[in-house]
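**Q** What follows is model20.txt; its format and atoms are compact mmCIF, C-alpha atoms.
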```txt
# COMPACT_ATOMS: atom_id res chain seq x y z
CA MET W 738 82.60 161.90 30.46
CA ASN W 739 83.06 165.64 30.03
CA ALA W 740 79.52 165.98 28.80
CA LYS W 741 78.28 164.15 31.87
CA ALA W 742 80.33 166.36 34.16
CA GLU W 743 78.89 169.46 32.51
CA GLU W 744 75.38 168.05 32.78
CA VAL W 745 75.55 167.30 36.51
CA ALA W 746 76.99 170.72 37.22
CA ILE W 747 73.61 172.16 36.12
CA ASP W 748 71.61 170.35 38.83
CA VAL W 749 73.93 168.80 41.40
CA LYS W 750 71.13 168.01 43.85
CA ALA W 751 69.15 165.97 41.32
CA TYR W 752 72.28 164.18 40.14
CA MET W 753 73.37 163.26 43.67
CA GLN W 754 69.89 162.05 44.55
CA GLU W 755 70.06 159.76 41.53
CA VAL W 756 73.50 158.53 42.60
CA GLY W 757 72.17 157.84 46.10
CA GLN W 758 69.12 155.95 44.87
CA ARG W 759 71.25 153.79 42.60
CA ALA W 760 73.72 153.12 45.41
CA ARG W 761 70.97 152.03 47.80
CA ALA W 762 69.59 149.62 45.22
CA ALA W 763 73.09 148.34 44.43
CA ALA W 764 73.81 147.73 48.13
CA ARG W 765 71.23 144.92 48.12
CA LEU W 766 72.84 143.39 45.03
CA ILE W 767 76.39 143.35 46.37
CA ALA W 768 75.24 142.15 49.81
CA ARG W 769 74.08 138.88 48.23
CA ALA W 770 77.09 138.42 45.94
CA ASP W 771 79.21 135.43 46.93
CA THR W 772 82.94 135.50 47.63
CA GLU W 773 83.86 134.04 44.25
CA GLN W 774 82.02 136.75 42.35
CA LYS W 775 83.50 139.55 44.46
CA ASN W 776 87.00 138.17 44.03
CA LEU W 777 86.45 137.81 40.29
CA ALA W 778 85.56 141.52 40.14
CA LEU W 779 88.57 142.56 42.23
CA ASN W 780 91.02 140.65 40.05
CA ALA W 781 89.32 141.90 36.89
CA ILE W 782 89.68 145.52 38.09
CA ALA W 783 93.35 144.89 38.88
CA ASP W 784 93.89 143.42 35.41
CA ARG W 785 92.22 146.39 33.76
CA ILE W 786 94.33 148.85 35.76
CA MET W 787 97.53 147.18 34.56
CA ASP W 788 96.24 146.98 30.99
CA ASP W 789 95.37 150.70 31.06
CA ILE W 790 98.54 151.93 32.77
CA GLU W 791 99.45 154.34 29.97
CA HIS W 792 95.94 155.74 29.81
CA LEU W 793 95.96 156.25 33.58
CA LYS W 794 99.28 158.08 33.41
CA GLN W 795 98.02 160.31 30.59
CA ALA W 796 94.92 161.23 32.59
CA ASN W 797 97.09 161.82 35.65
CA GLU W 798 99.39 164.11 33.67
CA LEU W 799 96.41 166.33 32.87
CA ASP W 800 95.79 166.69 36.60
CA LEU W 801 99.47 167.30 37.35
CA GLN W 802 99.68 170.01 34.69
CA ALA W 803 96.58 171.71 36.10
CA GLY W 804 97.99 171.39 39.63
CA ARG W 805 101.29 173.00 38.67
CA ALA W 806 99.41 175.81 36.94
CA LYS W 807 97.39 176.39 40.12
CA GLY W 808 100.58 176.48 42.19
CA LEU W 809 99.99 173.33 44.23
CA ASP W 810 102.91 172.71 46.57
CA ALA W 811 105.33 169.80 46.26
CA ALA W 812 103.58 167.70 48.92
CA LEU W 813 100.21 167.94 47.16
CA LEU W 814 101.72 167.18 43.78
CA ASP W 815 103.45 164.15 45.27
CA ARG W 816 100.13 162.87 46.60
CA LEU W 817 98.52 163.46 43.23
CA GLU W 818 101.11 161.71 41.06
CA LEU W 819 100.50 158.21 39.71
CA THR W 820 103.88 156.61 39.08
CA ASP W 821 104.34 153.13 37.62
CA ALA W 822 105.04 151.88 41.14
CA ARG W 823 101.88 153.42 42.57
CA ILE W 824 99.71 152.05 39.78
CA ASP W 825 101.25 148.63 40.31
CA ALA W 826 100.56 149.01 44.06
CA MET W 827 96.90 149.80 43.31
CA ALA W 828 96.54 146.57 41.37
CA GLU W 829 98.48 144.58 43.95
CA GLY W 830 96.30 145.99 46.73
CA LEU W 831 93.18 144.80 44.92
CA ARG W 832 94.65 141.33 44.47
CA GLN W 833 95.55 141.19 48.15
CA ILE W 834 92.00 142.16 49.07
CA ALA W 835 90.76 139.32 46.87
CA ASP W 836 93.04 136.92 48.77
CA LEU W 837 91.71 138.01 52.16
CA PRO W 838 89.02 135.98 53.92
CA ASP W 839 85.52 137.25 53.21
CA PRO W 840 84.07 138.47 56.51
CA ILE W 841 80.47 138.65 55.30
CA GLY W 842 78.18 135.97 56.68
CA ASP W 843 80.72 134.75 59.23
CA ILE W 844 78.93 133.71 62.44
CA THR W 845 80.90 133.87 65.67
CA ASP W 846 80.24 133.09 69.35
CA LEU W 847 77.36 130.77 68.52
CA THR W 848 76.23 129.37 71.83
CA GLU W 849 73.25 127.33 72.96
CA ARG W 850 71.11 128.96 75.63
CA PRO W 851 69.26 127.06 78.39
CA THR W 852 66.06 127.54 76.38
CA GLY W 853 67.54 125.56 73.48
CA ILE W 854 67.96 128.47 71.05
CA LYS W 855 71.39 129.14 69.58
CA VAL W 856 72.56 132.76 69.64
CA GLY W 857 75.49 134.24 67.74
CA ARG W 858 76.66 137.27 65.78
CA MET W 859 76.93 137.51 62.01
CA ARG W 860 79.27 139.87 60.15
CA ALA W 861 77.24 142.10 57.79
CA PRO W 862 77.92 145.01 55.41
CA LEU W 863 77.33 148.58 56.54
CA GLY W 864 75.31 149.23 53.37
CA VAL W 865 76.24 152.36 51.40
CA ILE W 866 79.50 154.12 52.20
CA GLY W 867 80.30 157.64 51.06
CA ILE W 868 83.98 158.54 50.78
CA ILE W 869 85.13 162.14 50.30
CA TYR W 870 88.84 162.52 49.66
CA GLU W 871 91.51 164.79 48.22
CA SER W 872 94.56 164.48 46.01
CA ARG W 873 95.47 160.79 46.06
CA PRO W 874 93.80 159.02 43.13
CA ASN W 875 94.94 155.61 44.41
CA VAL W 876 92.26 156.02 47.08
CA THR W 877 89.68 155.44 44.33
CA ALA W 878 90.90 151.89 43.72
CA ASP W 879 91.68 151.10 47.37
CA ALA W 880 88.29 152.28 48.61
CA ALA W 881 86.37 150.57 45.81
CA GLY W 882 88.13 147.27 46.47
CA LEU W 883 87.62 147.27 50.23
CA CYS W 884 83.98 148.32 50.04
CA LEU W 885 83.32 145.71 47.37
CA LYS W 886 84.89 142.84 49.32
CA ALA W 887 83.03 143.91 52.47
CA GLY W 888 79.73 143.76 50.57
CA ASN W 889 79.03 147.49 50.46
CA ALA W 890 78.03 149.89 47.72
CA VAL W 891 80.16 153.03 47.66
CA ILE W 892 79.93 156.61 46.42
CA LEU W 893 83.37 158.13 45.85
CA ARG W 894 83.86 161.88 45.63
CA GLY W 895 87.49 162.71 44.88
CA GLY W 896 89.05 166.15 44.80
CA SER W 897 88.80 168.29 41.69
CA GLU W 898 92.62 168.26 41.42
CA ALA W 899 92.48 164.50 40.62
CA PHE W 900 89.34 164.55 38.46
CA HIS W 901 90.82 163.06 35.28
CA SER W 902 92.78 160.43 37.19
CA ASN W 903 89.75 159.37 39.22
CA GLN W 904 87.51 159.11 36.18
CA ALA W 905 90.11 156.97 34.39
CA ILE W 906 90.30 154.64 37.39
CA ALA W 907 86.50 154.60 37.55
CA GLY W 908 86.48 153.26 34.00
CA CYS W 909 88.71 150.36 35.09
CA ILE W 910 86.44 149.64 38.05
CA LYS W 911 83.31 149.56 35.90
CA ALA W 912 84.98 147.25 33.41
CA GLY W 913 85.94 144.88 36.24
CA LEU W 914 82.43 144.88 37.69
CA ASP W 915 80.96 144.19 34.25
CA ALA W 916 83.38 141.29 33.77
CA ALA W 917 82.14 139.73 37.02
CA GLY W 918 78.48 140.26 36.17
CA LEU W 919 77.99 142.87 38.87
CA SER W 920 76.19 146.20 38.64
CA GLY W 921 78.31 149.24 37.87
CA ASP W 922 76.24 151.13 40.45
CA ILE W 923 78.04 149.26 43.24
CA VAL W 924 80.96 151.70 42.81
CA GLN W 925 80.04 155.20 41.65
CA VAL W 926 82.66 157.92 41.25
CA VAL W 927 80.98 161.33 41.32
CA ALA W 928 81.38 162.87 37.87
CA THR W 929 81.39 166.53 38.79
CA THR W 930 83.91 168.90 40.33
CA ASN W 931 81.13 171.07 41.76
CA ARG W 932 81.74 171.38 45.50
CA ASP W 933 78.01 171.33 46.16
CA ALA W 934 78.20 167.57 45.60
CA VAL W 935 79.96 167.24 48.95
CA GLY W 936 77.21 169.14 50.75
CA GLU W 937 74.59 166.95 49.14
CA MET W 938 76.37 163.78 50.25
CA LEU W 939 76.47 165.02 53.84
CA ARG W 940 72.68 165.38 53.82
CA MET W 941 71.87 162.05 52.13
CA SER W 942 71.17 160.06 55.30
CA GLU W 943 68.38 158.17 53.55
CA TYR W 944 70.89 156.71 51.11
CA ILE W 945 74.33 156.78 52.80
CA ASP W 946 75.03 154.86 56.03
CA VAL W 947 78.47 156.26 56.85
CA ILE W 948 80.81 158.96 55.52
CA ILE W 949 84.59 158.50 55.52
CA PRO W 950 86.62 161.65 54.75
CA ARG W 951 90.26 161.53 53.65
CA GLY W 952 92.09 164.79 53.19
CA GLY W 953 93.24 167.94 54.91
CA LYS W 954 92.16 169.04 58.34
CA GLY W 955 89.89 171.73 56.93
CA LEU W 956 87.93 169.22 54.83
CA ILE W 957 87.52 166.79 57.71
CA GLU W 958 86.48 169.50 60.17
CA ARG W 959 83.84 170.70 57.71
CA ILE W 960 82.49 167.20 57.16
CA SER W 961 82.43 166.42 60.88
CA ALA W 962 80.55 169.65 61.61
CA GLU W 963 78.03 169.49 58.76
CA SER W 964 77.35 165.81 58.16
CA GLU W 965 73.94 164.38 58.96
CA VAL W 966 75.48 160.96 58.30
CA PRO W 967 77.77 159.20 60.84
CA VAL W 968 81.47 159.93 60.13
CA ILE W 969 84.60 157.79 60.56
CA LYS W 970 87.52 160.21 60.64
CA HIS W 971 90.88 161.47 61.74
CA LEU W 972 91.70 165.17 61.64
CA ASP W 973 95.48 165.07 61.35
CA GLY W 974 98.55 162.99 62.02
CA ILE W 975 100.80 164.53 64.66
CA CYS W 976 102.91 161.41 65.20
CA HIS W 977 105.70 161.03 67.75
CA VAL W 978 108.80 158.90 68.18
CA TYR W 979 110.29 158.74 71.68
CA ILE W 980 113.94 157.64 71.98
CA ASP W 981 114.38 156.22 75.46
CA ASP W 982 117.62 156.33 77.46
CA GLU W 983 117.76 152.54 77.10
CA ALA W 984 117.44 152.61 73.32
CA ASP W 985 119.84 150.93 70.92
CA ILE W 986 121.54 153.87 69.18
CA ASP W 987 121.64 152.25 65.74
CA LYS W 988 117.94 151.33 65.92
CA ALA W 989 117.04 154.78 67.19
CA VAL W 990 118.84 156.58 64.37
CA LYS W 991 117.45 154.27 61.70
CA VAL W 992 113.85 154.47 62.92
CA ALA W 993 113.79 158.22 63.63
CA PHE W 994 115.33 158.98 60.23
CA ASN W 995 112.91 156.75 58.35
CA ALA W 996 109.85 157.94 60.27
CA LYS W 997 110.49 161.50 59.08
CA THR W 998 112.13 161.22 55.65
CA GLN W 999 110.71 158.09 53.97
CA ARG W 1000 107.83 160.24 52.77
CA TYR W 1001 106.85 163.69 53.97
CA GLY W 1002 103.25 164.17 52.88
CA THR W 1003 101.58 161.33 54.77
CA CYS W 1004 99.57 161.25 57.99
CA ASN W 1005 101.82 158.58 59.55
CA THR W 1006 105.03 160.61 59.12
CA MET W 1007 106.71 161.59 62.39
CA GLU W 1008 106.26 165.30 63.14
CA THR W 1009 107.80 165.46 66.63
CA LEU W 1010 110.86 163.61 67.94
CA LEU W 1011 111.17 163.22 71.72
CA VAL W 1012 114.61 162.25 73.06
CA ASN W 1013 115.59 161.27 76.60
CA LYS W 1014 118.13 163.72 77.99
CA ALA W 1015 120.58 160.94 78.91
CA ILE W 1016 120.89 159.70 75.33
CA ALA W 1017 120.36 163.00 73.48
CA PRO W 1018 124.11 163.90 73.26
CA LYS W 1019 124.77 160.55 71.58
CA VAL W 1020 121.87 160.36 69.17
CA LEU W 1021 120.90 163.92 68.20
CA PRO W 1022 124.20 165.02 66.57
CA GLU W 1023 124.14 161.93 64.34
CA LEU W 1024 120.50 162.43 63.44
CA GLY W 1025 121.11 166.12 62.86
CA LYS W 1026 123.69 165.33 60.17
CA LEU W 1027 121.34 162.92 58.42
CA TYR W 1028 118.41 165.33 58.52
CA LYS W 1029 120.63 168.12 57.19
CA GLU W 1030 121.66 165.96 54.24
CA LYS W 1031 117.96 165.45 53.43
CA GLY W 1032 117.17 169.15 53.77
CA VAL W 1033 114.96 168.74 56.83
CA GLU W 1034 114.40 171.94 58.81
CA LEU W 1035 114.76 171.31 62.55
CA ARG W 1036 112.91 173.19 65.29
CA GLY W 1037 113.85 172.40 68.86
CA ASP W 1038 113.61 173.35 72.50
CA ASP W 1039 116.56 174.92 74.36
CA ALA W 1040 118.19 171.58 75.16
CA THR W 1041 117.98 170.59 71.49
CA LEU W 1042 119.51 173.87 70.34
CA GLU W 1043 122.53 173.25 72.56
CA LEU W 1044 123.20 169.99 70.71
CA LEU W 1045 122.02 171.15 67.28
CA PRO W 1046 122.99 174.83 66.87
CA GLU W 1047 121.67 174.82 63.29
CA ALA W 1048 118.12 174.19 64.53
CA GLU W 1049 115.59 176.98 64.98
CA SER W 1050 113.77 177.62 68.23
CA ALA W 1051 110.46 175.73 68.40
CA THR W 1052 107.27 177.56 69.35
CA GLU W 1053 104.28 176.16 71.20
CA GLU W 1054 102.48 176.03 67.86
CA ASP W 1055 105.12 173.65 66.48
CA TRP W 1056 104.15 170.91 68.94
CA ASP W 1057 100.60 170.99 67.55
CA THR W 1058 101.46 171.18 63.85
CA GLU W 1059 101.21 168.49 61.20
CA TYR W 1060 103.82 169.77 58.76
CA LEU W 1061 103.46 167.26 55.90
CA ALA W 1062 106.80 168.72 54.84
CA PRO W 1063 110.55 168.38 55.57
CA ILE W 1064 110.21 170.07 58.96
CA LEU W 1065 110.68 168.33 62.31
CA SER W 1066 110.10 169.44 65.91
CA ILE W 1067 112.47 168.02 68.54
CA ARG W 1068 112.15 168.09 72.32
CA VAL W 1069 114.53 166.68 74.93
CA VAL W 1070 112.62 165.13 77.84
CA ASP W 1071 113.59 163.93 81.32
CA ASP W 1072 112.07 160.45 81.12
CA ILE W 1073 109.32 158.27 79.66
CA ASP W 1074 106.70 159.95 81.84
CA GLN W 1075 107.48 163.39 80.44
CA ALA W 1076 107.47 161.92 76.93
CA MET W 1077 104.03 160.40 77.46
CA ASP W 1078 102.77 163.63 79.03
CA HIS W 1079 103.89 165.50 75.90
CA ILE W 1080 102.17 162.96 73.68
CA ALA W 1081 98.96 163.17 75.70
CA ALA W 1082 98.98 166.97 75.38
CA HIS W 1083 99.90 167.28 71.69
CA SER W 1084 99.20 164.02 69.85
CA SER W 1085 96.34 163.67 67.39
CA ALA W 1086 95.94 160.05 68.59
CA HIS W 1087 97.23 158.65 65.30
CA THR W 1088 100.57 156.83 65.80
CA GLU W 1089 103.35 156.92 68.37
CA SER W 1090 106.51 154.81 68.71
CA ILE W 1091 109.03 154.16 71.48
CA ILE W 1092 112.61 153.10 70.83
CA THR W 1093 113.87 151.14 73.83
CA GLU W 1094 115.46 147.84 74.85
CA ASN W 1095 113.63 147.90 78.19
CA ARG W 1096 110.61 145.59 77.96
CA ALA W 1097 108.87 147.09 80.99
CA LYS W 1098 109.02 150.59 79.50
CA ALA W 1099 107.84 149.28 76.15
CA ASP W 1100 104.86 147.62 77.82
CA ARG W 1101 104.04 150.82 79.71
CA PHE W 1102 104.14 152.81 76.48
CA LEU W 1103 101.84 150.31 74.73
CA ARG W 1104 99.33 150.38 77.58
CA GLU W 1105 99.34 154.06 78.49
CA VAL W 1106 99.64 155.88 75.15
CA ASP W 1107 96.09 156.39 73.87
CA SER W 1108 96.57 156.41 70.09
CA SER W 1109 95.13 154.26 67.34
CA SER W 1110 98.54 152.68 66.64
CA VAL W 1111 101.30 152.34 69.25
CA MET W 1112 104.67 150.84 68.29
CA VAL W 1113 107.91 149.57 69.79
CA ASN W 1114 111.19 149.93 67.86
CA ALA W 1115 109.42 150.56 64.56
CA SER W 1116 108.85 153.51 62.23
CA THR W 1117 105.50 155.28 62.38
CA ARG W 1118 105.39 154.89 58.59
CA PHE W 1119 104.17 151.32 59.16
CA ALA W 1120 100.77 152.64 60.34
CA ASP W 1121 99.10 151.68 57.10
CA GLY W 1122 96.50 149.15 56.06
CA PHE W 1123 98.72 147.63 53.38
CA GLU W 1124 101.56 147.17 55.89
CA TYR W 1125 99.16 145.73 58.48
CA GLY W 1126 98.06 143.03 56.06
CA LEU W 1127 94.64 144.52 55.36
CA GLY W 1128 95.34 144.53 51.59
CA ALA W 1129 94.68 148.27 51.53
CA GLU W 1130 92.98 150.76 53.78
CA ILE W 1131 90.08 153.07 53.39
CA GLY W 1132 91.55 155.50 55.88
CA ILE W 1133 92.83 155.87 59.42
CA SER W 1134 90.37 156.36 62.24
CA THR W 1135 91.36 158.12 65.44
CA ASP W 1136 87.80 157.73 66.72
CA LYS W 1137 87.05 155.00 69.24
CA LEU W 1138 83.70 154.13 67.64
CA HIS W 1139 83.02 152.44 65.20
CA ALA W 1140 86.54 151.63 63.95
CA ARG W 1141 90.02 152.62 65.14
CA GLY W 1142 93.34 152.75 63.31
CA PRO W 1143 93.69 151.63 59.68
CA VAL W 1144 90.19 150.77 58.45
CA GLY W 1145 90.14 147.58 56.40
CA LEU W 1146 87.47 145.00 55.71
CA GLU W 1147 86.26 144.48 59.27
CA GLY W 1148 85.96 148.23 59.82
CA LEU W 1149 83.56 148.37 56.86
CA THR W 1150 81.21 145.84 58.40
CA SER W 1151 78.95 145.57 61.40
CA GLN W 1152 77.55 142.65 63.35
CA LYS W 1153 73.98 141.57 63.80
CA TRP W 1154 72.60 139.05 66.24
CA VAL W 1155 71.29 135.79 64.78
CA VAL W 1156 69.09 133.31 66.60
CA LEU W 1157 68.68 129.70 65.44
CA GLY W 1158 65.70 127.77 66.71
CA ASP W 1159 63.50 124.82 65.88
CA GLY W 1160 60.04 126.00 66.76
CA HIS W 1161 61.18 127.43 70.08
CA VAL W 1162 58.78 129.77 71.90
CA ARG W 1163 59.44 131.85 74.98
CA GLN W 1164 57.70 130.68 78.14
```
Can you dump the structure from the file as structure tokens?
**A**
Amino acid sequence: MNAKAEEVAIDVKAYMQEVGQRARAAARLIARADTEQKNLALNAIADRIMDDIEHLKQANELDLQAGRAKGLDAALLDRLELTDARIDAMAEGLRQIADLPDPIGDITDLTERPTGIKVGRMRAPLGVIGIIYESRPNVTADAAGLCLKAGNAVILRGGSEAFHSNQAIAGCIKAGLDAAGLSGDIVQVVATTNRDAVGEMLRMSEYIDVIIPRGGKGLIERISAESEVPVIKHLDGICHVYIDDEADIDKAVKVAFNAKTQRYGTCNTMETLLVNKAIAPKVLPELGKLYKEKGVELRGDDATLELLPEAESATEEDWDTEYLAPILSIRVVDDIDQAMDHIAAHSSAHTESIITENRAKADRFLREVDSSSVMVNASTRFADGFEYGLGAEIGISTDKLHARGPVGLEGLTSQKWVVLGDGHVRQ
């Protein structure tokens, strides 16, 4: 593996062209694989991951040691770490994908036209998917599994900080594909840390049908600006929870606390809490105590500072910041309209939640808030493919085309028109 990595670093362009050619050829092979064979591969990969758990942790420790030496912050190290629970979740995600219905070949809306032909739409793979991501090595397994079940070939380019972890997982994937009699070229994990590999992928429109970036805002902005291949993306996750004046206090405290503190370094973590002025004196002091116990730094507007003297004054920049850290912005608002105005001005269109017992307000929030996930009385941390029953997710899309929200199997497919006739000719 190290020899290969050194070799491709000499001529990244030639290496990536070879990867692209192999992926394009493999896309035809996986497109004709049946459900049983794909599920066999998914379960075999999951088995291999669990069998190799110690090897995966050893490879991951090499990455963690290098990350600490480079001074990576706590949030990045948390994303990078493969714990027993996260490895188990990788395997479980693959098994759940295997249990999901296979969308490929499904024909819907088949109707007979006056001419006698039958017209419908068939679910089909996208072809070759390129995924560029940072830090989280579990993405390697999740992305491979989803692309495989959806009948696509995939080229995975993980961050250099997770190189050893990703290559170890790649070994498990290849073993699973071999066990199912499928080509190892269906899932290729780029075996070089040279950043030029990313640039090459963005220009490989003859081989790659869509690029999906997962990582920091800088990476995604670069990919969106430079890619000659269509991109499914979200830039950041500035998620909001609005506590309405008709909220249940216990629900509000529980949800707002979980949305911020369950995990800090994720795109579905709440970054701004909006509280109705009528309920703020009841809910903010209690939340303030809980956040203080967890070491969360609070930044608020003037009305918040009156109720939480320990908070710092929020700046305009705070409302537009994805912290990915134990920092929370809080604003007291007059009503649901002001809350939705704030969201419209500052949200990244990822996930927003309202806490209320008023059904009419909940319905307004669901209809009028233009984000990829909109929730009622639930933590934003649920905005996740695994939690939505997709088995796993390949990412979150805040675009409106081609997919929106957590991207699972259906988001990795397209539809083509099919026409069934019996010698019909057009008059």
**Q** In Å, with one decimal, what is the gap from atom CA of W:Met827 to atom CA of W:Ala783?
**A** 7.5 Å
**Q** When you count only C-alpha atoms, which of these residues is closest to W:Ile969: W:Ala826, W:Val865, W:Ala934, W:Leu1149?
**A**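 Between W:Ala826, W:Val865, W:Ala934, W:Leu1149, the residue approaching W:Ile969 most closely is W:Leu1149.
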**Q** Could you list, as a count of residues only, every residue within 12 Å of stretch 786-800 of chain W, counting all atoms listed in the file and ignoring same-chain residues fewer than 5 positions away?
**A** 51
**Q** From (73.6, 146.9, 47.2), in the file's coordinates, out to 12 Å: which residues are reached, counting all atoms listed in the file? Answer as a PDB file with C-alpha atoms, in the coordinates of the input.
**A**
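For reference, selection12.pdb as written:
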```
ATOM      1  CA  GLY W 757      72.170 157.840  46.100  1.00  0.00           C
ATOM      2  CA  GLN W 758      69.120 155.950  44.870  1.00  0.00           C
ATOM      3  CA  ARG W 759      71.250 153.790  42.600  1.00  0.00           C
ATOM      4  CA  ALA W 760      73.720 153.120  45.410  1.00  0.00           C
ATOM      5  CA  ARG W 761      70.970 152.030  47.800  1.00  0.00           C
ATOM      6  CA  ALA W 762      69.590 149.620  45.220  1.00  0.00           C
ATOM      7  CA  ALA W 763      73.090 148.340  44.430  1.00  0.00           C
ATOM      8  CA  ALA W 764      73.810 147.730  48.130  1.00  0.00           C
ATOM      9  CA  ARG W 765      71.230 144.920  48.120  1.00  0.00           C
ATOM     10  CA  LEU W 766      72.840 143.390  45.030  1.00  0.00           C
ATOM     11  CA  ILE W 767      76.390 143.350  46.370  1.00  0.00           C
ATOM     12  CA  ALA W 768      75.240 142.150  49.810  1.00  0.00           C
ATOM     13  CA  ARG W 769      74.080 138.880  48.230  1.00  0.00           C
ATOM     14  CA  ALA W 770      77.090 138.420  45.940  1.00  0.00           C
ATOM     15  CA  PRO W 862      77.920 145.010  55.410  1.00  0.00           C
ATOM     16  CA  LEU W 863      77.330 148.580  56.540  1.00  0.00           C
ATOM     17  CA  GLY W 864      75.310 149.230  53.370  1.00  0.00           C
ATOM     18  CA  VAL W 865      76.240 152.360  51.400  1.00  0.00           C
ATOM     19  CA  ILE W 866      79.500 154.120  52.200  1.00  0.00           C
ATOM     20  CA  CYS W 884      83.980 148.320  50.040  1.00  0.00           C
ATOM     21  CA  LEU W 885      83.320 145.710  47.370  1.00  0.00           C
ATOM     22  CA  ALA W 887      83.030 143.910  52.470  1.00  0.00           C
ATOM     23  CA  GLY W 888      79.730 143.760  50.570  1.00  0.00           C
ATOM     24  CA  ASN W 889      79.030 147.490  50.460  1.00  0.00           C
ATOM     25  CA  ALA W 890      78.030 149.890  47.720  1.00  0.00           C
ATOM     26  CA  VAL W 891      80.160 153.030  47.660  1.00  0.00           C
ATOM     27  CA  ILE W 892      79.930 156.610  46.420  1.00  0.00           C
ATOM     28  CA  LEU W 919      77.990 142.870  38.870  1.00  0.00           C
ATOM     29  CA  SER W 920      76.190 146.200  38.640  1.00  0.00           C
ATOM     30  CA  GLY W 921      78.310 149.240  37.870  1.00  0.00           C
ATOM     31  CA  ASP W 922      76.240 151.130  40.450  1.00  0.00           C
ATOM     32  CA  ILE W 923      78.040 149.260  43.240  1.00  0.00           C
ATOM     33  CA  VAL W 924      80.960 151.700  42.810  1.00  0.00           C
ATOM     34  CA  GLN W 925      80.040 155.200  41.650  1.00  0.00           C
ATOM     35  CA  TYR W 944      70.890 156.710  51.110  1.00  0.00           C
ATOM     36  CA  ILE W 945      74.330 156.780  52.800  1.00  0.00           C
ATOM     37  CA  ASP W 946      75.030 154.860  56.030  1.00  0.00           C
TER      38      ASP W 946
END
```
**Q** Check the smallest atom-to-atom distance from each of W:Asn776, W:Asn1013, W:Thr1150, W:Ser964 to W:Asp1071 using only C-alpha atoms, then report the winner.
**A**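 Closest to W:Asp1071, using only C-alpha atoms: W:Asn1013.
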**Q** Excluding W:Phe1123 and any residue of its chain fewer than 4 positions from it, enumerate the residues within 10 Å of it, using all atoms listed in the file, and give them as a PDB file with C-alpha atoms, in the coordinates of the input.
**A**
```
ATOM      1  CA  ALA W 826     100.560 149.010  44.060  1.00  0.00           C
ATOM      2  CA  GLU W 829      98.480 144.580  43.950  1.00  0.00           C
ATOM      3  CA  GLY W 830      96.300 145.990  46.730  1.00  0.00           C
ATOM      4  CA  GLN W 833      95.550 141.190  48.150  1.00  0.00           C
ATOM      5  CA  ILE W 834      92.000 142.160  49.070  1.00  0.00           C
ATOM      6  CA  ASP W 879      91.680 151.100  47.370  1.00  0.00           C
ATOM      7  CA  PHE W1119     104.170 151.320  59.160  1.00  0.00           C
ATOM      8  CA  LEU W1127      94.640 144.520  55.360  1.00  0.00           C
ATOM      9  CA  GLY W1128      95.340 144.530  51.590  1.00  0.00           C
ATOM     10  CA  ALA W1129      94.680 148.270  51.530  1.00  0.00           C
ATOM     11  CA  GLU W1130      92.980 150.760  53.780  1.00  0.00           C
ATOM     12  CA  PRO W1143      93.690 151.630  59.680  1.00  0.00           C
ATOM     13  CA  GLY W1145      90.140 147.580  56.400  1.00  0.00           C
TER      14      GLY W1145
END
```
**Q** Interatomic distance between atom CA of W:Asp985 and atom CA of W:Ser1108?
**A**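 Value for the atom CA of W:Asp985-atom CA of W:Ser1108 distance: 23.9 Å.
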**Q** Using atom CA of W:Ser1109 and atom CA of W:Arg860 as the two end points, give the distance in Å to one decimal.
**A**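 Separation of atom CA of W:Ser1109 and atom CA of W:Arg860: 22.6 Å.
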**Q** Find the spatial neighbours of stretch 1053-1057 of chain W, counting all atoms listed in the file, within a cut-off of 8 Å - ignore same-chain residues fewer than 5 positions away - and output them as a list of chain:residue names.
**A**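 The residues satisfying every condition are W:Ile975, W:Thr1009, W:Arg1036, W:Ser1066, W:His1083, W:Ser1084.
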**Q** Could you give me, as a PyMOL selection string, the residues within 9 Å of W:Ile1080, counting all atoms listed in the file and dropping anything in the same chain fewer than 2 positions from it?
**A** chain W and resi 976-977+1075-1078+1082-1086+1089+1106-1107
**Q** Could you name the residues that touch W:Leu1045 at 9 Å or less, counting only C-alpha atoms, but leaving out those on the same chain fewer than 5 positions away, as a list in words?
**A** Leu1021, Pro1022, Gly1025, Leu1035, Gly1037 and Ala1040 of chain W
**Q** Which of these, W:Trp1154, W:Tyr1028, W:Tyr1060, W:Tyr752, has the shortest distance to W:Gly974 once you count all atoms listed in the file?
**A**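 Distance minimum relative to W:Gly974 lands on W:Tyr1060.
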**Q** Which residue, W:Leu883, W:Val1156, W:Ile1067, W:Ile948, has the smallest gap to W:Thr1041 when you use all atoms listed in the file?
**A**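 Looking at the shortest contact to W:Thr1041, the residue is W:Ile1067.
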**Q** For each of W:Asp973, W:Ala1048, W:Arg1068, W:Thr1117, take the minimum atom-to-atom distance to W:Asn995, counting all atoms listed in the file, then give the residue where this is smallest.
**A**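 The closest residue to W:Asn995 is W:Thr1117.
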**Q** Determine the nearest neighbour of W:Val978 from the options W:Ala861, W:Val1113, W:Leu1061, W:Thr1052, counting all atoms listed in the file.
**A**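 Closest to W:Val978, using all atoms listed in the file: W:Val1113.
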**Q** Return as CSV the residues of stretch 1112-1145 of chain W lying at most 10 Å from stretch 1092-1102 of chain W, together with the closest atom-to-atom pair for each and the distance in Å to one decimal, counting only C-alpha atoms, with rows in chain order and ascending residue number.
**A**
```
residue,atom,partner,partner_atom,distance
W:Met1112,CA,W:Phe1102,CA,8.4
W:Val1113,CA,W:Ile1092,CA,6.0
W:Asn1114,CA,W:Ile1092,CA,4.6
W:Ala1115,CA,W:Ile1092,CA,7.5
W:Ser1116,CA,W:Ile1092,CA,9.4
```
